[in-house]
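Data block below; observations after.
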Amino acid sequence: SRAIGAQLDFAPFAASTFGYGLQSPALHRASTTMTQGILMAAQHLGRRGYRRIGIAITQWIDSRADHTYSGALLHYQQKVPPRQRVPLLVIPDNVPSGASAFAAWFRRHRPDVIISFDTYVPEWLAKLGCRIPDDVGLVVHDWTGRMTAFAGIHHRRAHVAAAAVDLVATQLMHNEHGIPEVPRQILIPPAWIDGPS
């Protein structure tokens, strides 16, 4: 998508993007606000007695989301005692190769709950002898309806897409086109999804 964005002449078009897949050029954007998503998840988890919340994601995901995952975690950690702070685990972008880094991080920091992927992480935890949710909780950072075995942060993609269409409609009504001088952003609040994990 980066190559396509760089090659396309946007001058005649009203355009917007959703999420953070297209970083350049800077178009109007609709996205989920993951800062709110992480803080909302931490609040729900705290009510359930979880104290040591860990986040394990790839650098690509954190960078693509303008570091909202790591930023939200750092903000949250300022409000909890130091013994409850679990450092961010940056899994290699080639996720399957992250098993050893995950195991070392988990053994060293012993989070009560992990916000991460619905794939790989459950297998890695099982290899470490951990049961979900008996030994450690798992929250999916990008929950979809097929992930019924997990709690998660639902990005509300249908609302994000509708907001991106609204941005295009507004441009058409005002006869705006091309790459905007000041790109507007619509941030959709995510939803917490309870689940058995």
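Ordering of the structure tokens sets the chain letters (A, B, ...); residue numbers start at 1 within each chain; ligands are numbered from 1 in the order shown.
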
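By only C-alpha atoms, and with residues fewer than 5 positions from range 135-148 of chain A along its chain excluded, the set lying at most 7 Å from it is Asp112, Val113, Ile114, Ile115, Ser116, Phe117, Asp118, Cys130, Ile153, His154, His155, Gly195 and Ser197 of chain A.
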
Selection from above, C-alpha atoms, as a compact mmCIF listing (two decimals), in the first residue's frame, can you write it?
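Writing the result to again-v3.txt gives the following:
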# COMPACT_ATOMS: atom_id res chain seq x y z
CA ASP A 112 -0.93 -11.88 34.99
CA VAL A 113 -2.50 -11.12 31.62
CA ILE A 114 -1.16 -10.44 28.14
CA ILE A 115 -2.61 -8.24 25.41
CA SER A 116 -1.42 -9.81 22.17
CA PHE A 117 -2.32 -12.05 19.22
CA ASP A 118 -4.91 -14.83 19.09
CA CYS A 130 0.58 -22.17 31.18
CA ILE A 153 -10.34 -5.03 21.98
CA HIS A 154 -12.82 -4.70 19.13
CA HIS A 155 -11.72 -2.07 16.61
CA GLY A 195 -14.46 -13.62 26.70
CA SER A 197 -9.64 -16.04 28.18

Might you pull out every residue within 7 Å of Ala11 in chain A, with only C-alpha atoms counted and same-chain residues fewer than 3 positions away left off, and present them as a ChimeraX atom specification? /A:177-179

Based on the selection just made, write N, CA, C and O atoms of those residues as a tab-separated table (two decimals), in the first residue's frame.
chain	number	residue	atom	x	y	z
A	177	HIS	N	-10.14	18.15	-3.22
A	177	HIS	CA	-9.49	16.97	-3.80
A	177	HIS	C	-7.98	17.11	-3.60
A	177	HIS	O	-7.47	18.16	-3.24
A	178	GLY	N	-7.31	16.02	-3.85
A	178	GLY	CA	-5.86	16.01	-3.71
A	178	GLY	C	-5.42	15.72	-2.28
A	178	GLY	O	-6.23	15.43	-1.40
A	179	ILE	N	-4.13	15.82	-2.07
A	179	ILE	CA	-3.56	15.59	-0.75
A	179	ILE	C	-3.83	16.82	0.11
A	179	ILE	O	-3.47	17.94	-0.28

Name the residues in contact with Gln77 in chain A at a cut-off of 12 Å, using only C-alpha atoms, excluding same-chain residues fewer than 2 positions from it; report them as an NGL selection string. :A and (38-39 or 42 or 51-55 or 70-75 or 79-88)

Generate a file of the selected residues that holds N, CA and C atoms, formatted as an mmCIF file, in the first residue's frame.
data_model
loop_
_atom_site.group_PDB
_atom_site.id
_atom_site.type_symbol
_atom_site.label_atom_id
_atom_site.label_comp_id
_atom_site.auth_asym_id
_atom_site.auth_seq_id
_atom_site.Cartn_x
_atom_site.Cartn_y
_atom_site.Cartn_z
ATOM 1 N N ILE A 38 -6.222 0.368 24.790
ATOM 2 C CA ILE A 38 -5.325 -0.228 25.797
ATOM 3 C C ILE A 38 -5.730 0.221 27.194
ATOM 4 N N LEU A 39 -6.029 1.512 27.362
ATOM 5 C CA LEU A 39 -6.419 2.011 28.689
ATOM 6 C C LEU A 39 -7.753 1.420 29.130
ATOM 7 N N ALA A 42 -7.048 -2.136 30.201
ATOM 8 C CA ALA A 42 -6.389 -2.139 31.517
ATOM 9 C C ALA A 42 -7.409 -1.903 32.630
ATOM 10 N N ARG A 51 -3.180 -7.458 37.796
ATOM 11 C CA ARG A 51 -2.323 -6.332 38.187
ATOM 12 C C ARG A 51 -1.137 -6.143 37.247
ATOM 13 N N ARG A 52 -0.555 -7.229 36.796
ATOM 14 C CA ARG A 52 0.637 -7.149 35.943
ATOM 15 C C ARG A 52 0.209 -7.393 34.493
ATOM 16 N N ILE A 53 -0.034 -6.289 33.796
ATOM 17 C CA ILE A 53 -0.538 -6.347 32.425
ATOM 18 C C ILE A 53 0.635 -6.214 31.461
ATOM 19 N N GLY A 54 0.786 -7.221 30.606
ATOM 20 C CA GLY A 54 1.838 -7.190 29.596
ATOM 21 C C GLY A 54 1.253 -7.022 28.205
ATOM 22 N N ILE A 55 2.006 -6.355 27.351
ATOM 23 C CA ILE A 55 1.626 -6.216 25.943
ATOM 24 C C ILE A 55 2.747 -6.814 25.115
ATOM 25 N N SER A 70 2.444 1.248 22.709
ATOM 26 C CA SER A 70 3.511 1.491 23.699
ATOM 27 C C SER A 70 3.236 2.762 24.496
ATOM 28 N N GLY A 71 2.704 3.787 23.845
ATOM 29 C CA GLY A 71 2.400 5.024 24.556
ATOM 30 C C GLY A 71 1.332 4.837 25.617
ATOM 31 N N ALA A 72 0.296 4.085 25.288
ATOM 32 C CA ALA A 72 -0.771 3.826 26.259
ATOM 33 C C ALA A 72 -0.243 2.992 27.419
ATOM 34 N N LEU A 73 0.605 2.003 27.119
ATOM 35 C CA LEU A 73 1.182 1.184 28.184
ATOM 36 C C LEU A 73 2.023 2.039 29.128
ATOM 37 N N LEU A 74 2.853 2.915 28.577
ATOM 38 C CA LEU A 74 3.673 3.792 29.428
ATOM 39 C C LEU A 74 2.801 4.713 30.276
ATOM 40 N N HIS A 75 1.737 5.233 29.691
ATOM 41 C CA HIS A 75 0.824 6.088 30.451
ATOM 42 C C HIS A 75 0.192 5.300 31.601
ATOM 43 N N LYS A 79 0.711 5.060 36.621
ATOM 44 C CA LYS A 79 -0.298 5.091 37.674
ATOM 45 C C LYS A 79 -0.305 3.839 38.535
ATOM 46 N N VAL A 80 0.602 2.906 38.266
ATOM 47 C CA VAL A 80 0.644 1.672 39.051
ATOM 48 C C VAL A 80 1.995 1.553 39.741
ATOM 49 N N PRO A 81 2.066 0.815 40.851
ATOM 50 C CA PRO A 81 3.344 0.640 41.540
ATOM 51 C C PRO A 81 4.386 -0.012 40.622
ATOM 52 N N PRO A 82 5.658 0.335 40.778
ATOM 53 C CA PRO A 82 6.708 -0.216 39.912
ATOM 54 C C PRO A 82 6.702 -1.746 39.828
ATOM 55 N N ARG A 83 6.364 -2.431 40.896
ATOM 56 C CA ARG A 83 6.387 -3.905 40.874
ATOM 57 C C ARG A 83 5.306 -4.476 39.956
ATOM 58 N N GLN A 84 4.331 -3.651 39.563
ATOM 59 C CA GLN A 84 3.269 -4.120 38.671
ATOM 60 C C GLN A 84 3.559 -3.789 37.203
ATOM 61 N N ARG A 85 4.666 -3.139 36.929
ATOM 62 C CA ARG A 85 4.969 -2.722 35.559
ATOM 63 C C ARG A 85 5.662 -3.841 34.789
ATOM 64 N N VAL A 86 5.091 -4.183 33.660
ATOM 65 C CA VAL A 86 5.658 -5.200 32.772
ATOM 66 C C VAL A 86 6.102 -4.485 31.496
ATOM 67 N N PRO A 87 7.383 -4.576 31.127
ATOM 68 C CA PRO A 87 7.825 -3.876 29.917
ATOM 69 C C PRO A 87 7.180 -4.449 28.662
ATOM 70 N N LEU A 88 7.028 -3.597 27.678
ATOM 71 C CA LEU A 88 6.505 -3.991 26.381
ATOM 72 C C LEU A 88 7.420 -5.037 25.758
#

Please identify all polymer residues within 10 Å of Ala101 in chain A, counting only C-alpha atoms, omitting same-chain residues fewer than 5 positions from it, and present them as a PyMOL selection string. chain A and resi 89-92+106

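CA of Glu176 in chain A lies 20.3 Å from CA of Gln7 in chain A.
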
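We find CA of Val95 in chain A and CA of Ala56 in chain A to be spaced 10.6 Å apart.
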
Taking the chain letters and numbering used in this document, name the residues of range 25-194 of chain A that DSSP puts in strand (DSSP E or B), as a ChimeraX atom specification. /A:28-32,53-58,89-91,113-116,137-143,151-154,185-188,191-193

Residues within 8 Å of Leu27 in chain A, please, as a PDB file with N, CA, C and O atoms, in the first residue's frame. Count only C-alpha atoms; anything in the same chain fewer than 2 positions from it doesn't count.
ATOM      1  N   ALA A  15     -10.113  11.679  -1.303  1.00  0.00           N
ATOM      2  CA  ALA A  15      -9.630  10.395  -0.784  1.00  0.00           C
ATOM      3  C   ALA A  15      -9.498  10.424   0.728  1.00  0.00           C
ATOM      4  O   ALA A  15      -9.309  11.477   1.339  1.00  0.00           O
ATOM      5  N   SER A  16      -9.624   9.250   1.299  1.00  0.00           N
ATOM      6  CA  SER A  16      -9.332   9.072   2.722  1.00  0.00           C
ATOM      7  C   SER A  16      -8.822   7.650   2.889  1.00  0.00           C
ATOM      8  O   SER A  16      -8.935   6.824   1.984  1.00  0.00           O
ATOM      9  N   THR A  17      -8.284   7.374   4.044  1.00  0.00           N
ATOM     10  CA  THR A  17      -7.808   6.037   4.343  1.00  0.00           C
ATOM     11  C   THR A  17      -8.345   5.641   5.702  1.00  0.00           C
ATOM     12  O   THR A  17      -8.830   6.487   6.459  1.00  0.00           O
ATOM     13  N   SER A  24       1.968   7.391   3.844  1.00  0.00           N
ATOM     14  CA  SER A  24       2.330   8.488   2.963  1.00  0.00           C
ATOM     15  C   SER A  24       1.710   8.234   1.594  1.00  0.00           C
ATOM     16  O   SER A  24       1.806   7.113   1.083  1.00  0.00           O
ATOM     17  N   PRO A  25       1.056   9.215   1.015  1.00  0.00           N
ATOM     18  CA  PRO A  25       0.886  10.575   1.508  1.00  0.00           C
ATOM     19  C   PRO A  25      -0.094  10.634   2.678  1.00  0.00           C
ATOM     20  O   PRO A  25      -0.874   9.710   2.891  1.00  0.00           O
ATOM     21  N   ARG A  29      -7.986  10.525   7.513  1.00  0.00           N
ATOM     22  CA  ARG A  29      -7.919   9.162   8.042  1.00  0.00           C
ATOM     23  C   ARG A  29      -9.007   8.916   9.070  1.00  0.00           C
ATOM     24  O   ARG A  29      -9.326   9.773   9.878  1.00  0.00           O
ATOM     25  N   ILE A 179      -4.128  15.818  -2.073  1.00  0.00           N
ATOM     26  CA  ILE A 179      -3.557  15.588  -0.746  1.00  0.00           C
ATOM     27  C   ILE A 179      -3.831  16.824   0.108  1.00  0.00           C
ATOM     28  O   ILE A 179      -3.472  17.941  -0.279  1.00  0.00           O
ATOM     29  N   PRO A 180      -4.486  16.657   1.242  1.00  0.00           N
ATOM     30  CA  PRO A 180      -4.866  17.827   2.046  1.00  0.00           C
ATOM     31  C   PRO A 180      -3.661  18.486   2.717  1.00  0.00           C
ATOM     32  O   PRO A 180      -2.688  17.821   3.082  1.00  0.00           O
ATOM     33  N   PRO A 183      -4.436  17.156   7.110  1.00  0.00           N
ATOM     34  CA  PRO A 183      -5.310  15.978   7.108  1.00  0.00           C
ATOM     35  C   PRO A 183      -6.144  15.893   8.381  1.00  0.00           C
ATOM     36  O   PRO A 183      -5.645  16.126   9.480  1.00  0.00           O
ATOM     37  N   ARG A 184      -7.415  15.586   8.204  1.00  0.00           N
ATOM     38  CA  ARG A 184      -8.299  15.403   9.350  1.00  0.00           C
ATOM     39  C   ARG A 184      -8.309  13.930   9.752  1.00  0.00           C
ATOM     40  O   ARG A 184      -8.159  13.047   8.910  1.00  0.00           O
TER      41      ARG A 184
END

Extract the full set of helix (DSSP H, G or I) residues from range 21-176 of chain A according to DSSP on the backbone, and format it as a ChimeraX atom specification. /A:34-47,59-64,68-77,82-84,95-109,121-127,157-173

Selection file, C-alpha atoms, as an mmCIF file, in the first residue's frame:
data_model
loop_
_atom_site.group_PDB
_atom_site.id
_atom_site.type_symbol
_atom_site.label_atom_id
_atom_site.label_comp_id
_atom_site.auth_asym_id
_atom_site.auth_seq_id
_atom_site.Cartn_x
_atom_site.Cartn_y
_atom_site.Cartn_z
ATOM 1 C CA MET A 34 -5.778 2.303 20.391
ATOM 2 C CA THR A 35 -4.589 4.524 23.222
ATOM 3 C CA GLN A 36 -8.167 4.416 24.457
ATOM 4 C CA GLY A 37 -8.334 0.692 23.664
ATOM 5 C CA ILE A 38 -5.325 -0.228 25.797
ATOM 6 C CA LEU A 39 -6.419 2.011 28.689
ATOM 7 C CA MET A 40 -9.968 0.628 28.503
ATOM 8 C CA ALA A 41 -8.623 -2.942 28.533
ATOM 9 C CA ALA A 42 -6.389 -2.139 31.517
ATOM 10 C CA GLN A 43 -9.401 -0.745 33.388
ATOM 11 C CA HIS A 44 -11.496 -3.860 32.712
ATOM 12 C CA LEU A 45 -8.602 -6.136 33.622
ATOM 13 C CA GLY A 46 -7.954 -4.231 36.852
ATOM 14 C CA ARG A 47 -11.578 -4.736 37.885
ATOM 15 C CA GLN A 59 7.294 -3.285 16.117
ATOM 16 C CA TRP A 60 5.421 -3.023 12.817
ATOM 17 C CA ILE A 61 2.038 -2.929 14.580
ATOM 18 C CA ASP A 62 3.152 -0.357 17.162
ATOM 19 C CA SER A 63 4.846 1.831 14.530
ATOM 20 C CA ARG A 64 1.925 1.537 12.128
ATOM 21 C CA THR A 68 -0.317 4.119 20.516
ATOM 22 C CA TYR A 69 0.194 0.657 22.039
ATOM 23 C CA SER A 70 3.511 1.491 23.699
ATOM 24 C CA GLY A 71 2.400 5.024 24.556
ATOM 25 C CA ALA A 72 -0.771 3.826 26.259
ATOM 26 C CA LEU A 73 1.182 1.184 28.184
ATOM 27 C CA LEU A 74 3.673 3.792 29.428
ATOM 28 C CA HIS A 75 0.824 6.088 30.451
ATOM 29 C CA TYR A 76 -0.911 3.267 32.316
ATOM 30 C CA GLN A 77 2.312 2.255 34.056
ATOM 31 C CA PRO A 82 6.708 -0.216 39.912
ATOM 32 C CA ARG A 83 6.387 -3.905 40.874
ATOM 33 C CA GLN A 84 3.269 -4.120 38.671
ATOM 34 C CA VAL A 95 5.914 -13.484 14.439
ATOM 35 C CA PRO A 96 6.655 -17.242 14.442
ATOM 36 C CA SER A 97 10.333 -16.503 15.101
ATOM 37 C CA GLY A 98 9.389 -14.645 18.300
ATOM 38 C CA ALA A 99 8.792 -17.759 20.433
ATOM 39 C CA SER A 100 12.125 -17.639 22.272
ATOM 40 C CA ALA A 101 11.886 -13.879 22.938
ATOM 41 C CA PHE A 102 8.346 -14.385 24.223
ATOM 42 C CA ALA A 103 9.401 -17.237 26.524
ATOM 43 C CA ALA A 104 12.285 -15.219 27.994
ATOM 44 C CA TRP A 105 10.049 -12.161 28.512
ATOM 45 C CA PHE A 106 7.278 -14.224 30.101
ATOM 46 C CA ARG A 107 9.619 -16.078 32.478
ATOM 47 C CA ARG A 108 11.357 -12.880 33.534
ATOM 48 C CA HIS A 109 8.335 -10.618 34.010
ATOM 49 C CA VAL A 121 0.754 -16.724 21.781
ATOM 50 C CA PRO A 122 -1.681 -19.436 23.008
ATOM 51 C CA GLU A 123 0.693 -22.092 21.615
ATOM 52 C CA TRP A 124 3.731 -20.434 23.191
ATOM 53 C CA LEU A 125 1.972 -20.262 26.552
ATOM 54 C CA ALA A 126 0.993 -23.941 26.326
ATOM 55 C CA LYS A 127 4.642 -24.868 25.641
ATOM 56 C CA ARG A 157 -14.061 -1.720 11.679
ATOM 57 C CA ALA A 158 -17.532 -1.095 10.210
ATOM 58 C CA HIS A 159 -17.672 2.250 12.052
ATOM 59 C CA VAL A 160 -14.122 3.098 10.985
ATOM 60 C CA ALA A 161 -14.989 2.378 7.347
ATOM 61 C CA ALA A 162 -18.174 4.465 7.581
ATOM 62 C CA ALA A 163 -16.169 7.369 9.003
ATOM 63 C CA ALA A 164 -13.673 7.095 6.112
ATOM 64 C CA VAL A 165 -16.603 7.297 3.658
ATOM 65 C CA ASP A 166 -17.907 10.357 5.547
ATOM 66 C CA LEU A 167 -14.525 12.021 5.057
ATOM 67 C CA VAL A 168 -14.737 11.459 1.298
ATOM 68 C CA ALA A 169 -18.357 12.666 1.176
ATOM 69 C CA THR A 170 -17.396 15.859 3.010
ATOM 70 C CA GLN A 171 -14.605 16.512 0.522
ATOM 71 C CA LEU A 172 -16.990 16.001 -2.389
ATOM 72 C CA MET A 173 -19.531 18.409 -0.874
#

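The space separating CA of Ile188 in chain A from CA of Leu22 in chain A comes to 17.6 Å.
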